[in-house]
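The file run_11.txt comes next; it holds compact mmCIF, C-alpha atoms.
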```
# COMPACT_ATOMS: atom_id res chain seq x y z
CA MET A 137 15.51 -34.72 9.53
CA PRO A 138 16.01 -31.50 7.64
CA LYS A 139 19.07 -31.22 5.48
CA TRP A 140 21.11 -28.08 5.88
CA PRO A 141 22.16 -26.21 2.79
CA LYS A 142 25.81 -26.73 1.98
CA GLY A 143 28.00 -24.31 3.86
CA THR A 144 25.49 -23.62 6.62
CA VAL A 145 27.07 -23.41 10.03
CA CYS A 146 25.04 -24.09 13.12
CA LYS A 147 27.09 -21.92 15.36
CA THR A 148 26.53 -21.96 19.05
CA VAL A 149 28.31 -19.43 21.14
CA ILE A 150 28.46 -19.00 24.83
CA ARG A 151 28.92 -15.44 25.78
CA ARG A 152 29.98 -15.84 29.31
CA PHE A 153 30.53 -12.98 31.66
CA GLU A 154 28.81 -10.55 29.36
CA SER A 155 26.41 -9.34 31.94
CA GLY A 156 26.78 -8.54 35.57
CA ARG A 157 24.68 -11.57 36.40
CA HIS A 158 27.60 -13.80 35.51
CA LEU A 159 29.92 -11.95 37.83
CA GLN A 160 27.99 -12.91 40.90
CA SER A 161 29.97 -14.73 43.54
CA SER A 162 29.42 -18.38 44.20
CA LEU A 163 27.70 -17.40 47.42
CA SER A 164 24.68 -16.37 45.47
CA ILE A 165 24.36 -19.79 43.85
CA MET A 166 22.08 -21.03 46.57
CA ALA A 167 20.01 -17.90 46.63
CA PRO A 168 17.24 -17.85 49.21
CA ARG A 169 13.71 -18.13 47.97
CA ARG A 170 13.06 -14.45 48.59
CA GLN A 171 16.06 -13.40 46.52
CA LEU A 172 15.05 -15.75 43.75
CA ALA A 173 11.63 -14.20 43.70
CA GLU A 174 13.18 -10.79 43.10
CA ARG A 175 15.15 -11.91 40.03
CA PRO A 176 13.70 -11.13 36.62
CA VAL A 177 11.11 -13.58 35.43
CA THR A 178 11.87 -14.92 31.97
CA ALA A 179 10.29 -17.11 29.36
CA LEU A 180 11.23 -20.09 31.46
CA GLY A 181 9.19 -18.75 34.31
CA VAL A 182 11.84 -18.06 36.92
CA ILE A 183 15.47 -17.62 36.00
CA ALA A 184 17.13 -16.89 32.71
CA PRO A 185 19.37 -19.64 31.34
CA PRO A 186 22.92 -18.71 30.33
CA PRO A 187 22.94 -16.69 27.13
CA ILE A 188 23.52 -19.50 24.67
CA ASN A 189 22.95 -17.99 21.26
CA ILE A 190 21.73 -20.27 18.50
CA GLN A 191 22.32 -19.53 14.85
CA SER A 192 20.66 -21.89 12.41
CA PRO A 193 18.75 -21.49 9.16
CA ALA A 194 15.46 -21.82 11.00
CA PHE A 195 16.16 -19.85 14.13
CA GLU A 196 18.55 -17.24 15.37
CA GLY A 197 18.45 -16.06 18.96
CA SER A 198 18.93 -17.08 22.53
CA LEU A 199 18.04 -20.40 24.12
CA ALA A 200 15.34 -18.70 26.17
CA MET A 201 13.84 -17.23 23.01
CA LEU A 202 13.91 -20.63 21.30
CA PHE A 203 12.17 -22.15 24.29
CA GLN A 204 9.46 -19.52 24.17
CA CYS A 205 9.00 -19.81 20.39
CA VAL A 206 8.66 -23.60 20.59
CA ARG A 207 6.29 -23.39 23.53
CA ASP A 208 4.13 -20.87 21.66
CA GLN A 209 4.33 -23.01 18.50
CA ARG A 210 5.81 -20.16 16.52
CA ILE A 211 8.70 -22.15 15.08
CA ASP A 212 9.25 -25.61 13.62
CA LEU A 213 11.68 -27.27 16.00
CA LEU A 214 12.63 -29.80 13.34
CA GLY A 215 14.57 -27.06 11.61
CA VAL A 216 16.76 -26.32 14.65
CA PRO A 217 19.67 -28.66 15.45
CA LEU A 218 19.84 -29.29 19.20
CA TYR A 219 23.10 -31.20 19.27
CA PRO A 220 25.33 -28.09 19.10
CA VAL A 221 23.12 -26.42 21.71
CA CYS A 222 23.73 -29.33 24.07
CA GLU A 223 27.44 -29.17 23.31
CA ALA A 224 27.48 -25.50 24.14
CA TYR A 225 25.67 -26.21 27.37
CA PHE A 226 28.26 -28.78 28.46
CA GLU A 227 31.01 -26.40 27.44
CA TYR A 228 29.40 -23.77 29.62
CA LEU A 229 29.31 -26.15 32.59
CA LEU A 230 32.87 -27.33 32.16
CA LEU A 231 34.54 -24.04 31.41
CA SER A 232 32.74 -21.73 33.81
CA GLU A 233 34.89 -21.02 36.78
CA SER A 234 31.94 -20.30 39.03
CA PRO A 235 28.86 -21.69 37.29
CA ASN A 236 25.57 -20.38 38.46
CA LEU A 237 23.56 -23.46 39.36
CA ASP A 238 20.25 -21.67 38.98
CA GLU A 239 21.06 -20.66 35.44
CA ALA A 240 22.49 -24.09 34.64
CA ALA A 241 19.32 -25.71 35.93
CA ALA A 242 17.17 -23.32 33.91
CA ALA A 243 19.13 -24.14 30.77
CA LEU A 244 18.88 -27.86 31.49
CA THR A 245 15.13 -27.55 31.91
CA ALA A 246 14.86 -25.71 28.63
CA LEU A 247 17.03 -28.25 26.83
CA ALA A 248 15.10 -31.18 28.27
CA TYR A 249 11.85 -29.63 27.14
CA LEU A 250 13.19 -28.96 23.63
CA LEU A 251 14.63 -32.48 23.32
CA GLU A 252 11.36 -34.05 24.37
CA ARG A 253 9.36 -31.93 21.97
CA LYS A 254 11.72 -32.74 19.14
CA ALA A 255 11.66 -36.44 19.97
CA TRP A 256 7.88 -36.42 19.71
CA LEU A 257 8.08 -34.59 16.41
CA LEU A 258 10.46 -37.19 15.03
CA LEU A 259 8.26 -40.12 15.95
CA PRO A 260 6.24 -41.55 13.07
CA SER A 261 2.61 -40.59 12.92
CA PRO A 262 0.56 -43.21 14.81
CA GLU A 263 -2.21 -43.20 12.23
CA PRO A 264 -0.84 -42.95 8.72
CA GLU A 265 -3.23 -41.65 6.14
CA PRO A 266 -4.97 -44.49 4.33
CA GLU A 267 -3.69 -44.87 0.82
CA SER A 268 -6.26 -45.27 -1.87
CA ALA A 269 -6.07 -48.42 -3.90
CA GLU A 270 -5.97 -46.47 -7.15
CA PRO A 271 -3.82 -43.45 -7.86
CA MET A 272 -5.76 -40.22 -7.56
CA GLN A 273 -7.10 -39.06 -10.87
CA LEU A 274 -6.62 -35.38 -11.51
CA PRO A 275 -9.70 -33.83 -13.06
CA GLU A 276 -9.34 -33.38 -16.75
CA SER A 277 -9.31 -29.83 -17.93
CA SER A 278 -12.62 -28.76 -19.39
CA ILE A 279 -11.53 -25.24 -20.26
CA THR A 280 -12.04 -25.89 -23.97
CA ASP A 281 -15.77 -25.72 -23.26
CA TYR A 282 -15.25 -22.02 -22.68
CA ASP A 283 -13.21 -21.33 -25.80
CA LEU A 284 -15.99 -19.66 -27.75
CA ALA A 285 -17.04 -17.61 -24.72
CA ILE A 286 -13.46 -16.48 -24.25
CA GLY A 287 -13.33 -15.53 -27.91
CA ALA A 288 -16.48 -13.45 -27.52
CA LEU A 289 -15.17 -11.72 -24.40
CA LEU A 290 -11.90 -10.90 -26.15
CA ALA A 291 -13.77 -9.45 -29.11
CA TRP A 292 -15.97 -7.34 -26.86
CA HIS A 293 -12.93 -6.20 -24.93
CA ALA A 294 -11.29 -5.10 -28.17
CA GLU A 295 -14.49 -3.33 -29.21
CA ARG A 296 -14.76 -1.65 -25.83
CA SER A 297 -11.15 -0.45 -26.02
CA LEU A 298 -12.15 1.75 -28.97
CA MET A 299 -14.39 3.81 -26.69
CA PHE A 300 -13.20 6.34 -24.17
CA PHE A 301 -15.11 7.40 -21.10
CA ARG A 302 -14.67 10.14 -18.60
CA SER A 303 -12.21 8.64 -16.16
CA PRO A 304 -12.97 8.58 -12.43
CA GLY A 305 -11.28 11.25 -10.40
CA SER A 306 -10.32 13.59 -13.21
CA GLY A 307 -7.35 15.71 -12.30
CA PRO A 308 -3.72 15.13 -11.43
CA SER A 309 -2.92 11.50 -10.82
CA PRO A 310 -2.19 10.69 -7.18
CA TYR A 311 0.65 8.53 -8.47
CA GLU A 312 2.17 11.24 -10.62
CA PHE A 313 5.94 11.23 -10.55
CA PRO A 314 7.40 14.33 -8.94
CA TYR A 315 10.18 14.26 -11.55
CA GLU A 316 10.56 13.69 -15.28
CA LEU A 317 10.75 10.05 -16.35
CA GLU A 318 9.89 10.54 -20.01
CA SER A 319 7.54 7.83 -21.23
CA VAL A 320 7.94 5.45 -18.29
CA SER A 321 4.84 5.33 -16.12
CA SER A 322 4.37 3.98 -12.63
CA GLN A 323 2.53 1.04 -14.14
CA ASP A 324 5.47 0.23 -16.42
CA LEU A 325 7.74 0.18 -13.38
CA ALA A 326 5.25 -1.96 -11.50
CA LEU A 327 5.15 -4.44 -14.38
CA ALA A 328 8.96 -4.59 -14.45
CA PHE A 329 8.91 -5.32 -10.72
CA GLU A 330 6.24 -7.96 -11.20
CA ARG A 331 8.33 -9.73 -13.86
CA LEU A 332 11.29 -9.76 -11.48
CA LEU A 333 9.16 -11.12 -8.65
CA ARG A 334 7.97 -13.95 -10.87
CA ARG A 335 11.59 -14.97 -11.40
CA ALA A 336 12.35 -14.94 -7.67
CA ASP A 337 13.15 -18.29 -6.12
CA SER A 338 10.57 -18.96 -3.44
CA ALA A 339 12.64 -21.89 -2.14
CA ILE A 340 15.28 -19.57 -0.74
CA PHE A 341 14.81 -19.60 3.00
CA GLU A 342 14.86 -16.28 4.79
CA PRO A 343 14.62 -16.49 8.57
CA PRO A 344 12.38 -13.76 9.94
CA THR A 345 14.97 -12.99 12.58
CA ARG A 346 17.66 -12.15 10.01
CA ALA A 347 19.11 -8.69 10.46
CA ARG A 348 17.35 -6.14 8.30
CA ARG A 349 19.35 -5.07 5.28
CA SER A 350 19.84 -1.36 4.78
CA LEU A 351 18.71 0.30 1.59
CA SER A 352 22.01 2.15 1.28
CA GLU A 353 23.78 -1.21 1.28
CA GLN A 354 21.50 -2.38 -1.53
CA ILE A 355 22.03 0.88 -3.42
CA GLY A 356 25.75 0.11 -3.37
CA ILE A 357 25.05 -3.31 -4.88
CA VAL A 358 22.85 -1.80 -7.59
CA LEU A 359 25.41 0.88 -8.44
CA ARG A 360 28.08 -1.77 -8.84
CA ALA A 361 25.82 -3.77 -11.17
CA ILE A 362 24.53 -0.94 -13.32
CA ASP A 363 26.59 0.83 -15.97
CA GLY A 364 26.01 2.86 -19.11
CA THR A 365 24.31 -0.04 -20.92
CA TRP A 366 20.53 -0.06 -21.06
CA ARG A 367 19.35 -3.26 -19.38
CA THR A 368 16.13 -4.63 -17.97
CA LEU A 369 15.69 -5.27 -14.27
CA GLY A 370 15.79 -9.00 -15.02
CA GLU A 371 19.16 -8.64 -16.71
CA LEU A 372 20.55 -6.61 -13.82
CA VAL A 373 19.61 -9.15 -11.17
CA THR A 374 21.51 -12.31 -11.94
CA GLY A 375 21.73 -15.69 -10.23
CA ARG A 376 19.29 -17.01 -7.64
CA PHE A 377 17.45 -14.43 -5.63
CA SER A 378 14.57 -14.37 -3.20
CA ARG A 379 11.41 -12.27 -3.29
CA ALA A 380 12.92 -10.06 -0.60
CA ASP A 381 15.99 -9.53 -2.79
CA ALA A 382 13.70 -8.49 -5.64
CA VAL A 383 11.98 -5.96 -3.39
CA TYR A 384 15.34 -4.54 -2.25
CA TRP A 385 16.54 -4.27 -5.85
CA PHE A 386 13.43 -2.46 -6.94
CA LEU A 387 13.41 -0.05 -3.99
CA ALA A 388 17.08 0.75 -4.52
CA LEU A 389 16.46 1.42 -8.22
CA LEU A 390 13.54 3.72 -7.42
CA GLU A 391 15.67 5.65 -4.98
CA LEU A 392 18.50 5.95 -7.53
CA ILE A 393 16.02 7.17 -10.14
CA ARG A 394 14.73 9.72 -7.65
CA VAL A 395 18.18 11.10 -6.93
CA GLY A 396 19.02 11.17 -10.63
CA GLN A 397 21.72 8.50 -10.65
CA VAL A 398 19.78 6.01 -12.76
CA SER A 399 17.78 6.65 -15.93
CA ALA A 400 14.86 4.61 -17.17
CA LYS A 401 13.31 4.33 -20.60
CA LEU A 402 10.68 2.23 -22.30
CA ASP A 403 11.53 -0.28 -25.02
CA GLY A 404 8.25 -1.78 -26.12
CA ASP A 405 6.81 -3.29 -22.96
CA LEU A 406 10.14 -3.43 -21.18
CA VAL A 407 11.63 -0.81 -18.90
CA LEU A 408 15.37 -0.39 -19.39
CA PHE A 409 17.72 1.09 -16.81
CA CYS A 410 21.20 2.54 -17.07
CA ARG A 411 23.57 4.77 -15.13
CA ALA A 412 22.56 8.40 -15.62
CA MET B 229 -36.04 26.45 -21.33
CA ILE B 230 -33.72 23.47 -20.95
CA SER B 231 -35.32 20.20 -22.01
CA SER B 232 -35.24 16.93 -20.09
CA VAL B 233 -32.99 15.50 -22.78
CA ASP B 234 -30.45 18.27 -22.23
CA ARG B 235 -30.62 17.78 -18.47
CA ILE B 236 -29.94 14.07 -18.88
CA PHE B 237 -27.12 14.95 -21.26
CA ALA B 238 -25.60 17.28 -18.64
CA LEU B 239 -25.80 14.62 -15.93
CA LEU B 240 -24.21 12.00 -18.15
CA PHE B 241 -21.52 14.49 -19.19
CA VAL B 242 -20.32 14.90 -15.60
CA ALA B 243 -20.80 11.24 -14.59
CA ASP B 244 -17.56 9.29 -14.34
CA SER B 245 -19.34 5.93 -14.02
CA PRO B 246 -22.52 4.41 -15.49
CA ALA B 247 -25.62 6.21 -14.19
CA SER B 248 -28.79 4.19 -13.70
CA THR B 249 -32.17 5.28 -15.00
CA GLU B 250 -33.40 5.63 -11.43
CA ALA B 251 -30.52 7.86 -10.38
CA LEU B 252 -30.88 10.07 -13.45
CA GLY B 253 -34.64 10.37 -13.05
CA ALA B 254 -34.44 11.10 -9.34
CA SER B 255 -31.92 13.90 -9.94
CA ILE B 256 -34.21 15.87 -12.24
CA GLY B 257 -37.60 14.78 -10.95
CA LEU B 258 -38.66 12.49 -13.80
CA THR B 259 -40.44 9.18 -13.63
CA GLU B 260 -38.68 6.09 -14.88
CA GLY B 261 -40.72 6.12 -18.09
CA GLN B 262 -39.96 9.77 -18.76
CA THR B 263 -36.28 9.19 -18.08
CA THR B 264 -36.13 6.21 -20.43
CA GLU B 265 -37.86 8.25 -23.11
CA ALA B 266 -35.38 11.13 -22.65
CA ILE B 267 -32.47 8.70 -22.80
CA ASP B 268 -33.76 7.22 -26.05
CA LEU B 269 -34.11 10.69 -27.56
CA LEU B 270 -30.61 11.60 -26.43
CA ARG B 271 -29.19 8.38 -27.88
CA ASP B 272 -30.82 9.10 -31.25
CA ARG B 273 -29.52 12.64 -31.23
CA LEU B 274 -25.96 11.58 -30.42
CA ASP B 275 -26.03 8.81 -33.02
CA ARG B 276 -26.97 11.32 -35.68
CA GLU B 277 -24.36 13.92 -34.92
CA GLY B 278 -21.42 14.75 -32.72
CA PRO B 279 -18.41 12.85 -31.44
CA LEU B 280 -20.15 11.14 -28.50
CA GLN B 281 -22.42 8.15 -28.14
CA LEU B 282 -24.61 6.90 -25.32
CA VAL B 283 -23.58 3.44 -24.16
CA GLU B 284 -25.60 1.17 -21.89
CA LEU B 285 -23.23 -0.90 -19.79
CA ALA B 286 -22.59 -2.09 -16.24
CA GLY B 287 -26.15 -1.41 -15.15
CA GLY B 288 -26.38 2.16 -16.38
CA TYR B 289 -25.69 4.69 -19.09
CA GLN B 290 -22.50 6.54 -19.85
CA LEU B 291 -21.21 8.84 -22.53
CA ALA B 292 -18.30 7.61 -24.61
CA THR B 293 -16.46 8.76 -27.67
CA LYS B 294 -17.47 7.13 -30.93
CA GLU B 295 -15.35 4.22 -32.17
CA GLU B 296 -14.28 6.09 -35.29
CA LEU B 297 -12.52 8.64 -33.07
CA SER B 298 -10.54 6.03 -31.13
CA GLU B 299 -7.31 6.63 -33.03
CA CYS B 300 -7.04 10.34 -32.30
CA VAL B 301 -8.31 9.99 -28.71
CA SER B 302 -5.79 7.26 -27.89
CA ALA B 303 -3.01 9.33 -29.49
CA PHE B 304 -3.98 12.10 -27.09
CA LEU B 305 -4.64 10.05 -23.92
CA LYS B 306 -1.96 7.40 -24.45
CA PRO B 307 -3.95 4.84 -22.46
CA GLN B 308 -2.07 2.19 -20.52
CA ARG B 309 -2.12 -1.21 -22.16
CA GLN B 310 -4.19 -3.70 -20.18
CA ARG B 311 -3.60 -6.95 -21.99
CA LEU B 312 -5.44 -10.03 -20.87
CA SER B 313 -3.42 -13.17 -21.45
CA LYS B 314 -4.98 -16.49 -22.41
CA SER B 315 -4.69 -17.83 -18.87
CA LEU B 316 -6.27 -14.70 -17.39
CA MET B 317 -9.12 -14.91 -19.87
CA GLU B 318 -9.69 -18.55 -18.95
CA VAL B 319 -9.97 -17.72 -15.27
CA LEU B 320 -12.16 -14.72 -16.00
CA ALA B 321 -14.53 -16.69 -18.23
CA ILE B 322 -14.87 -19.43 -15.62
CA VAL B 323 -15.60 -16.92 -12.86
CA ALA B 324 -18.07 -15.08 -15.08
CA TYR B 325 -20.05 -18.22 -15.87
CA ARG B 326 -19.72 -20.19 -12.66
CA GLN B 327 -19.80 -17.46 -10.04
CA PRO B 328 -19.71 -17.64 -7.09
CA ILE B 329 -16.82 -20.08 -7.42
CA THR B 330 -13.81 -21.08 -5.31
CA SER B 331 -10.23 -21.14 -6.54
CA SER B 332 -10.08 -24.93 -6.26
CA GLU B 333 -13.17 -25.24 -8.45
CA ILE B 334 -11.52 -22.96 -11.02
CA GLU B 335 -8.42 -25.13 -10.90
CA ALA B 336 -10.53 -28.26 -11.35
CA ILE B 337 -11.96 -26.82 -14.57
CA ARG B 338 -8.65 -25.51 -15.89
CA GLY B 339 -6.58 -28.45 -14.68
CA VAL B 340 -3.80 -26.09 -13.56
CA GLN B 341 -3.07 -23.87 -10.60
CA SER B 342 -4.81 -20.52 -10.93
CA ASP B 343 -3.66 -18.49 -7.92
CA TYR B 344 -1.73 -16.04 -10.07
CA GLY B 345 -4.64 -15.41 -12.44
CA ILE B 346 -7.05 -14.87 -9.57
CA ARG B 347 -4.69 -12.41 -7.91
CA ILE B 348 -4.08 -10.41 -11.09
CA LEU B 349 -7.77 -10.28 -11.93
CA GLN B 350 -8.49 -9.06 -8.40
CA GLU B 351 -5.82 -6.39 -8.76
CA ARG B 352 -7.40 -5.29 -12.02
CA ARG B 353 -10.76 -5.21 -10.22
CA LEU B 354 -12.35 -7.61 -12.74
CA ILE B 355 -13.18 -10.18 -10.06
CA ARG B 356 -13.60 -9.90 -6.32
CA GLU B 357 -14.26 -12.02 -3.28
CA VAL B 358 -18.02 -12.22 -2.85
CA GLY B 359 -18.22 -14.47 0.18
CA ARG B 360 -17.17 -17.73 1.73
CA LYS B 361 -18.33 -21.20 0.84
CA HIS B 362 -19.95 -23.27 3.58
CA ALA B 363 -17.41 -26.04 3.23
CA PRO B 364 -14.41 -27.19 5.24
CA GLY B 365 -11.91 -24.35 5.39
CA ARG B 366 -14.56 -21.86 4.31
CA PRO B 367 -12.80 -21.08 1.01
CA SER B 368 -13.29 -17.70 -0.67
CA LEU B 369 -15.90 -17.40 -3.38
CA PHE B 370 -15.15 -15.18 -6.35
CA GLY B 371 -17.45 -13.26 -8.64
CA THR B 372 -17.17 -10.61 -11.32
CA THR B 373 -17.34 -6.87 -10.66
CA GLN B 374 -18.98 -3.84 -12.23
CA GLN B 375 -15.56 -3.12 -13.72
CA PHE B 376 -15.79 -6.45 -15.56
CA LEU B 377 -19.11 -5.44 -17.09
CA HIS B 378 -17.64 -2.07 -18.01
CA GLN B 379 -14.48 -3.49 -19.55
CA PHE B 380 -16.43 -5.95 -21.68
CA LYS B 381 -19.23 -3.56 -22.58
CA LEU B 382 -21.85 -5.73 -20.91
CA LYS B 383 -25.10 -4.35 -19.59
CA ASP B 384 -25.32 -7.16 -17.05
CA LEU B 385 -24.31 -10.81 -16.67
CA ASP B 386 -27.30 -11.91 -18.73
CA GLY B 387 -25.45 -10.43 -21.69
CA LEU B 388 -22.89 -13.23 -21.55
CA PRO B 389 -23.14 -15.83 -24.30
CA LYS B 390 -25.46 -18.62 -23.21
CA LEU B 391 -24.05 -22.03 -22.34
CA ASP B 392 -26.52 -24.87 -22.57
CA ALA B 393 -26.54 -27.94 -20.35
CA GLY B 394 -23.90 -29.68 -22.44
CA LEU B 395 -21.75 -26.57 -22.27
CA ALA B 396 -22.23 -26.12 -25.99
CA VAL B 397 -21.88 -22.44 -26.65
CA SER B 398 -24.29 -20.48 -28.71
CA LEU B 399 -22.67 -17.17 -29.35
CA PRO B 400 -23.72 -14.12 -31.26
CA ALA B 401 -21.57 -13.21 -34.21
CA VAL B 402 -18.68 -11.16 -32.93
CA PRO B 403 -16.48 -8.90 -34.97
CA GLU B 404 -12.88 -9.82 -35.65
CA SER B 405 -10.66 -8.09 -33.14
```
Output the structure of this file as structure tokens.
Amino acid sequence: MPKWPKGTVCKTVIRRFESGRHLQSSLSIMAPRRQLAERPVTALGVIAPPPINIQSPAFEGSLAMLFQCVRDQRIDLLGVPLYPVCEAYFEYLLLSESPNLDEAAAALTALAYLLERKAWLLLPSPEPEPESAEPMQLPESSITDYDLAIGALLAWHAERSLMFFRSPGSGPSPYEFPYELESVSSQDLALAFERLLRRADSAIFEPPTRARRSLSEQIGIVLRAIDGTWRTLGELVTGRFSRADAVYWFLALLELIRVGQVSAKLDGDLVLFCRA
Amino acid sequence: MISSVDRIFALLFVADSPASTEALGASIGLTEGQTTEAIDLLRDRLDREGPLQLVELAGGYQLATKEELSECVSAFLKPQRQRLSKSLMEVLAIVAYRQPITSSEIEAIRGVQSDYGIRILQERRLIREVGRKHAPGRPSLFGTTQQFLHQFKLKDLDGLPKLDAGLAVSLPAVPES
């Protein structure tokens, strides 16, 4: 079973009576076949289940969406706790003044399907991989065989760097900055970004359904972090951060440089930033 | 009357990548032998005088500034530094000698994961994907590029130091970098 990060809440919310569908009278519970056929077809095939919204590290969305994602094998069901979903379903049944039996049945079908799928996933593999009698031997590195060749290549590279050729596509660089950035080139900025990306923690989970962060929000974060001291991007971004965080930081810095609120300069190989 | 040597010189002056003997000859209506002869004459002329030299690399010829002018040219151009770390050089050397090669084969030789090195070398256009191996998963095969030959002043891959069967290396004397 997956372990949730500390502080994670698997929140399940029933939003009853949000749509007009929930305001139908109990007379419509036993809708004739013809009326049923006219109702919108959903991922479940016929009738939408009640809007039970699931929020978990692995999935965020409605029960119908979860059903569809699992059926299409687009999500790992092991990462989604079903217990709170079931609780929410019972709550829906008990608290609804005029429960719609069609919707309740649709939700029950979806839940049954999800529970069965998860149960199968939790079962041990019927054919465990055979274990070799001896521990696997990693191949020994033979890179030293190439040492002299590497030395030669490095020497030739150094020799070649003393020559200058006509560069392809002579003329203004397509990546030329439209504003003055002194000695800092686009490549320097790219290298600074690359260093930051290397520090990013790839273990930080970011659900694809998470709401998209706005750049202006990130610009606010950057402005709060940056002051009159020259610092590298790595020094500005502290603590654990994901690759997406690194991208947001870099984009926000670029935008702030563009609007003249942040200055950049080169210190050896490092690009330093400070409040303009 | 403009000589064949001057015509070749003009073509090489405007070329921004190595020009092959065939391409040069075809442009001015010379046979391969005549073109080679004109190139040799041009090389001798440039070696004797002037700031340029004729370099044979990456399957063709290209004009370059002479090494003794590197200081003033780099002060003017301020070229971007393109350092190659030890790990990148290891990956590059393995690809150069064992191409076409898969990433797992590179890792087997190095004994460490090499994804990063492969990606950076691809970005620098020193190696590229040259095909897929007929093996489970059809892994990508990597090989060196023309840019690799250019960056290491190699005419072709035969210019690499020879490795004998025991992987003992017989290298030409190389200058101290």
Near chain A, meaning an atom within 6 Å, which residues of chain B appear when counting only C-alpha atoms? Write them as JSON, numbers by chain.
{"B": [244, 292, 293, 295, 298, 336, 337, 338, 339, 380, 381, 405]}
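When atom CA of Ser352 of chain A is paired with atom CA of Val395 of chain A, their separation reads 12.7 Å.
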Just the residues within 10 Å of Arg253 of chain A, please, counting only C-alpha atoms, with nothing from its chain fewer than 6 positions along; format it as a list in words.
Val206, Arg207, Leu213, Leu214 and Leu247 of chain A
Would you pick out the contacts of Ile256 of chain B at 12 Å or less, using all atoms listed in the file, so that residues sharing its chain but fewer than 4 positions from it are not included, and give the list as an MDAnalysis selection string?
chainID B and resid 230:239 249:252 260 262:263 266
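Taking atom CA of Ile340 of chain A and atom CA of Asp381 of chain A as endpoints, the distance between them is 10.3 Å.
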Got a minute to add N, CA and C atoms to segment 288-302 of chain B and dump it as an mmCIF file, in the frame of the given file?
```
data_model
loop_
_atom_site.group_PDB
_atom_site.id
_atom_site.type_symbol
_atom_site.label_atom_id
_atom_site.label_comp_id
_atom_site.auth_asym_id
_atom_site.auth_seq_id
_atom_site.Cartn_x
_atom_site.Cartn_y
_atom_site.Cartn_z
ATOM 1 N N GLY B 288 -26.022 0.755 -16.247
ATOM 2 C CA GLY B 288 -26.380 2.160 -16.380
ATOM 3 C C GLY B 288 -26.000 2.706 -17.744
ATOM 4 N N TYR B 289 -26.015 4.024 -17.824
ATOM 5 C CA TYR B 289 -25.690 4.690 -19.090
ATOM 6 C C TYR B 289 -24.469 5.582 -18.887
ATOM 7 N N GLN B 290 -23.673 5.690 -19.943
ATOM 8 C CA GLN B 290 -22.500 6.540 -19.850
ATOM 9 C C GLN B 290 -22.159 7.072 -21.242
ATOM 10 N N LEU B 291 -21.629 8.264 -21.260
ATOM 11 C CA LEU B 291 -21.210 8.840 -22.530
ATOM 12 C C LEU B 291 -19.820 8.333 -22.873
ATOM 13 N N ALA B 292 -19.630 8.067 -24.156
ATOM 14 C CA ALA B 292 -18.300 7.610 -24.610
ATOM 15 C C ALA B 292 -18.040 8.229 -25.972
ATOM 16 N N THR B 293 -16.775 8.279 -26.329
ATOM 17 C CA THR B 293 -16.460 8.760 -27.670
ATOM 18 C C THR B 293 -16.824 7.687 -28.682
ATOM 19 N N LYS B 294 -17.103 8.099 -29.893
ATOM 20 C CA LYS B 294 -17.470 7.130 -30.930
ATOM 21 C C LYS B 294 -16.240 6.342 -31.381
ATOM 22 N N GLU B 295 -16.464 5.106 -31.813
ATOM 23 C CA GLU B 295 -15.350 4.220 -32.170
ATOM 24 C C GLU B 295 -14.461 4.827 -33.246
ATOM 25 N N GLU B 296 -15.079 5.555 -34.188
ATOM 26 C CA GLU B 296 -14.280 6.090 -35.290
ATOM 27 C C GLU B 296 -13.274 7.150 -34.822
ATOM 28 N N LEU B 297 -13.453 7.633 -33.591
ATOM 29 C CA LEU B 297 -12.520 8.640 -33.070
ATOM 30 C C LEU B 297 -11.426 8.014 -32.196
ATOM 31 N N SER B 298 -11.437 6.676 -32.092
ATOM 32 C CA SER B 298 -10.540 6.030 -31.130
ATOM 33 C C SER B 298 -9.062 6.333 -31.404
ATOM 34 N N GLU B 299 -8.721 6.431 -32.687
ATOM 35 C CA GLU B 299 -7.310 6.630 -33.030
ATOM 36 C C GLU B 299 -6.790 7.960 -32.481
ATOM 37 N N CYS B 300 -7.549 9.032 -32.741
ATOM 38 C CA CYS B 300 -7.040 10.340 -32.300
ATOM 39 C C CYS B 300 -7.142 10.481 -30.782
ATOM 40 N N VAL B 301 -8.180 9.882 -30.181
ATOM 41 C CA VAL B 301 -8.310 9.990 -28.710
ATOM 42 C C VAL B 301 -7.180 9.219 -28.040
ATOM 43 N N SER B 302 -6.865 8.020 -28.538
ATOM 44 C CA SER B 302 -5.790 7.260 -27.890
ATOM 45 C C SER B 302 -4.436 7.909 -28.114
#
```
